[in-house]
Amino acid sequence: PISFLFLPASIQSMIRSLSRGASRAWSSNIGPSRRALSTDFDKICELAASNLRFGPGSTKEVGKDVALQFKATRAVIFADENVPASIATVQQSLANEHVDHAVFTDIRYEPNDESFRRAADYLSAQDYDVVIAVGGGSVIDTAKAANLLACHPPSDFYDYVNPPVGKGLPPPGPIKPLIAIPTTAGTGSETTGVA
C-alpha cells in the first residue's frame, strides 16, 4: 500500500473544499434539533484513502520517511523524466538520509502489459526496500504494478488482472512500501483501492 502522498496545490485546495463542505453537512445533520438535510441527497463526504501529506516542502521530507519509518537503505524511484526538479528533490532528500537509490524512467504513457513487464523485470533485479513514484498516473500505476509483480511473480502475467481478462487473484502476501508523489492532478491513481 501507499504509505504517504505528497500532493500538488490544486489537490490540496480540493481536499480543503471537500473538508469544509463535509463539516457543514455534518453539523447540519446533528445538534440539538437533529434536523435532516434540506436536500434529497447526502452531503456528507467520506474520504477513504491512503495517508495523505501535503503542503509546501512536503516532498523534501520523503527521505526521512524512507529512512525512519521504513528503515530503508535503498529505494527505487519510478519517475517521469519530464519532471527533473521533482526527481532532484526526492534524490536530495534520500541522499540527506544516506538512502541509496536507483531511478527508472522507461515508463510508457498509458502503460500496457509489455511496459509493466519491463518495469517489473527492472525492479526484480534491484535490491530495494521501498518504491517511490514521482509523476502522473502512468508512473504511479507502473510503480504499483512493478512492485506487485516483483514481490509476487505470478505464474501467468494476467493472474492479478480482473476478470474477464485475467483471474483477479489477490496478492498472496504483502508488497514493499510505495510512496506516491503525484506531479499532476488527474485520475487520482495514488488513492485508488489498489493503491
# chains A, B, ... in the order shown; residues from 1 in each chain; ligands from 1
$ select_by_dssp --residues "segment 35-162 of chain A" --states "strand (DSSP E or B)" --output "PDB file with N, CA, C and O atoms, in the first residue's frame"
ATOM      1  N   ARG A  53      -0.225  13.448   2.718  1.00  0.00           N
ATOM      2  CA  ARG A  53       0.577  14.529   3.286  1.00  0.00           C
ATOM      3  C   ARG A  53       0.730  15.565   2.191  1.00  0.00           C
ATOM      4  O   ARG A  53       1.056  15.233   1.058  1.00  0.00           O
ATOM      5  N   PHE A  54       0.478  16.807   2.537  1.00  0.00           N
ATOM      6  CA  PHE A  54       0.629  17.848   1.534  1.00  0.00           C
ATOM      7  C   PHE A  54       1.023  19.137   2.205  1.00  0.00           C
ATOM      8  O   PHE A  54       0.900  19.285   3.414  1.00  0.00           O
ATOM      9  N   ARG A  74      17.698   1.379   0.702  1.00  0.00           N
ATOM     10  CA  ARG A  74      17.721   1.501  -0.763  1.00  0.00           C
ATOM     11  C   ARG A  74      16.307   1.662  -1.302  1.00  0.00           C
ATOM     12  O   ARG A  74      15.405   0.905  -0.964  1.00  0.00           O
ATOM     13  N   ALA A  75      16.146   2.669  -2.144  1.00  0.00           N
ATOM     14  CA  ALA A  75      14.852   2.950  -2.773  1.00  0.00           C
ATOM     15  C   ALA A  75      15.003   2.872  -4.282  1.00  0.00           C
ATOM     16  O   ALA A  75      16.082   3.096  -4.829  1.00  0.00           O
ATOM     17  N   VAL A  76      13.902   2.557  -4.948  1.00  0.00           N
ATOM     18  CA  VAL A  76      13.851   2.655  -6.402  1.00  0.00           C
ATOM     19  C   VAL A  76      12.807   3.718  -6.721  1.00  0.00           C
ATOM     20  O   VAL A  76      11.666   3.641  -6.261  1.00  0.00           O
ATOM     21  N   ILE A  77      13.239   4.716  -7.478  1.00  0.00           N
ATOM     22  CA  ILE A  77      12.360   5.817  -7.877  1.00  0.00           C
ATOM     23  C   ILE A  77      11.858   5.545  -9.293  1.00  0.00           C
ATOM     24  O   ILE A  77      12.653   5.380 -10.212  1.00  0.00           O
ATOM     25  N   PHE A  78      10.542   5.463  -9.451  1.00  0.00           N
ATOM     26  CA  PHE A  78       9.920   5.417 -10.780  1.00  0.00           C
ATOM     27  C   PHE A  78       9.540   6.855 -11.080  1.00  0.00           C
ATOM     28  O   PHE A  78       8.836   7.482 -10.268  1.00  0.00           O
ATOM     29  N   ALA A  79       9.990   7.393 -12.206  1.00  0.00           N
ATOM     30  CA  ALA A  79       9.786   8.812 -12.433  1.00  0.00           C
ATOM     31  C   ALA A  79       9.524   9.144 -13.893  1.00  0.00           C
ATOM     32  O   ALA A  79      10.001   8.464 -14.799  1.00  0.00           O
ATOM     33  N   ASP A 100      20.483   4.971  -0.401  1.00  0.00           N
ATOM     34  CA  ASP A 100      20.897   4.726  -1.773  1.00  0.00           C
ATOM     35  C   ASP A 100      19.643   4.588  -2.644  1.00  0.00           C
ATOM     36  O   ASP A 100      18.583   4.208  -2.155  1.00  0.00           O
ATOM     37  N   HIS A 101      19.768   4.882  -3.924  1.00  0.00           N
ATOM     38  CA  HIS A 101      18.586   4.782  -4.788  1.00  0.00           C
ATOM     39  C   HIS A 101      18.978   4.544  -6.240  1.00  0.00           C
ATOM     40  O   HIS A 101      20.095   4.814  -6.653  1.00  0.00           O
ATOM     41  N   ALA A 102      18.016   4.027  -6.970  1.00  0.00           N
ATOM     42  CA  ALA A 102      18.115   3.871  -8.422  1.00  0.00           C
ATOM     43  C   ALA A 102      16.899   4.577  -9.011  1.00  0.00           C
ATOM     44  O   ALA A 102      15.882   4.743  -8.333  1.00  0.00           O
ATOM     45  N   VAL A 103      17.013   4.995 -10.269  1.00  0.00           N
ATOM     46  CA  VAL A 103      15.918   5.701 -10.934  1.00  0.00           C
ATOM     47  C   VAL A 103      15.538   4.954 -12.205  1.00  0.00           C
ATOM     48  O   VAL A 103      16.393   4.611 -13.018  1.00  0.00           O
ATOM     49  N   PHE A 104      14.227   4.712 -12.372  1.00  0.00           N
ATOM     50  CA  PHE A 104      13.686   4.062 -13.562  1.00  0.00           C
ATOM     51  C   PHE A 104      12.763   5.048 -14.263  1.00  0.00           C
ATOM     52  O   PHE A 104      11.779   5.512 -13.671  1.00  0.00           O
ATOM     53  N   VAL A 130      11.971   0.049  -0.621  1.00  0.00           N
ATOM     54  CA  VAL A 130      10.803   0.899  -0.825  1.00  0.00           C
ATOM     55  C   VAL A 130      10.797   1.408  -2.265  1.00  0.00           C
ATOM     56  O   VAL A 130      11.856   1.559  -2.878  1.00  0.00           O
ATOM     57  N   VAL A 131       9.586   1.653  -2.786  1.00  0.00           N
ATOM     58  CA  VAL A 131       9.403   2.206  -4.132  1.00  0.00           C
ATOM     59  C   VAL A 131       8.833   3.611  -3.978  1.00  0.00           C
ATOM     60  O   VAL A 131       7.937   3.844  -3.157  1.00  0.00           O
ATOM     61  N   ILE A 132       9.355   4.534  -4.775  1.00  0.00           N
ATOM     62  CA  ILE A 132       8.838   5.904  -4.788  1.00  0.00           C
ATOM     63  C   ILE A 132       8.433   6.225  -6.215  1.00  0.00           C
ATOM     64  O   ILE A 132       9.235   6.063  -7.142  1.00  0.00           O
ATOM     65  N   ALA A 133       7.199   6.659  -6.419  1.00  0.00           N
ATOM     66  CA  ALA A 133       6.701   7.041  -7.740  1.00  0.00           C
ATOM     67  C   ALA A 133       6.597   8.556  -7.807  1.00  0.00           C
ATOM     68  O   ALA A 133       5.943   9.173  -6.962  1.00  0.00           O
ATOM     69  N   VAL A 134       7.250   9.157  -8.789  1.00  0.00           N
ATOM     70  CA  VAL A 134       7.241  10.610  -8.967  1.00  0.00           C
ATOM     71  C   VAL A 134       6.733  10.904 -10.370  1.00  0.00           C
ATOM     72  O   VAL A 134       7.443  10.706 -11.352  1.00  0.00           O
ATOM     73  N   GLY A 135       5.474  11.343 -10.471  1.00  0.00           N
ATOM     74  CA  GLY A 135       4.909  11.638 -11.782  1.00  0.00           C
ATOM     75  C   GLY A 135       3.403  11.549 -11.753  1.00  0.00           C
ATOM     76  O   GLY A 135       2.777  11.637 -10.696  1.00  0.00           O
TER      77      GLY A 135
END
$ residues_around --residues "Pro170 of chain A" --least-positions-apart "5" --cutoff "10 Å" --atoms "only C-alpha atoms" --output "list in words"
Asp159, Tyr160, Val161 and Asn162 of chain A
$ closest_residue --among "A:Pro177, A:Gly57, A:Pro111, A:Pro163" --to "Asp141 of chain A" --atoms "only C-alpha atoms"
A:Pro111
$ closest_residue --among "A:Glu114, A:Glu61, A:Asp129, A:Asp121" --to "Thr73 of chain A" --atoms "only C-alpha atoms"
A:Asp129
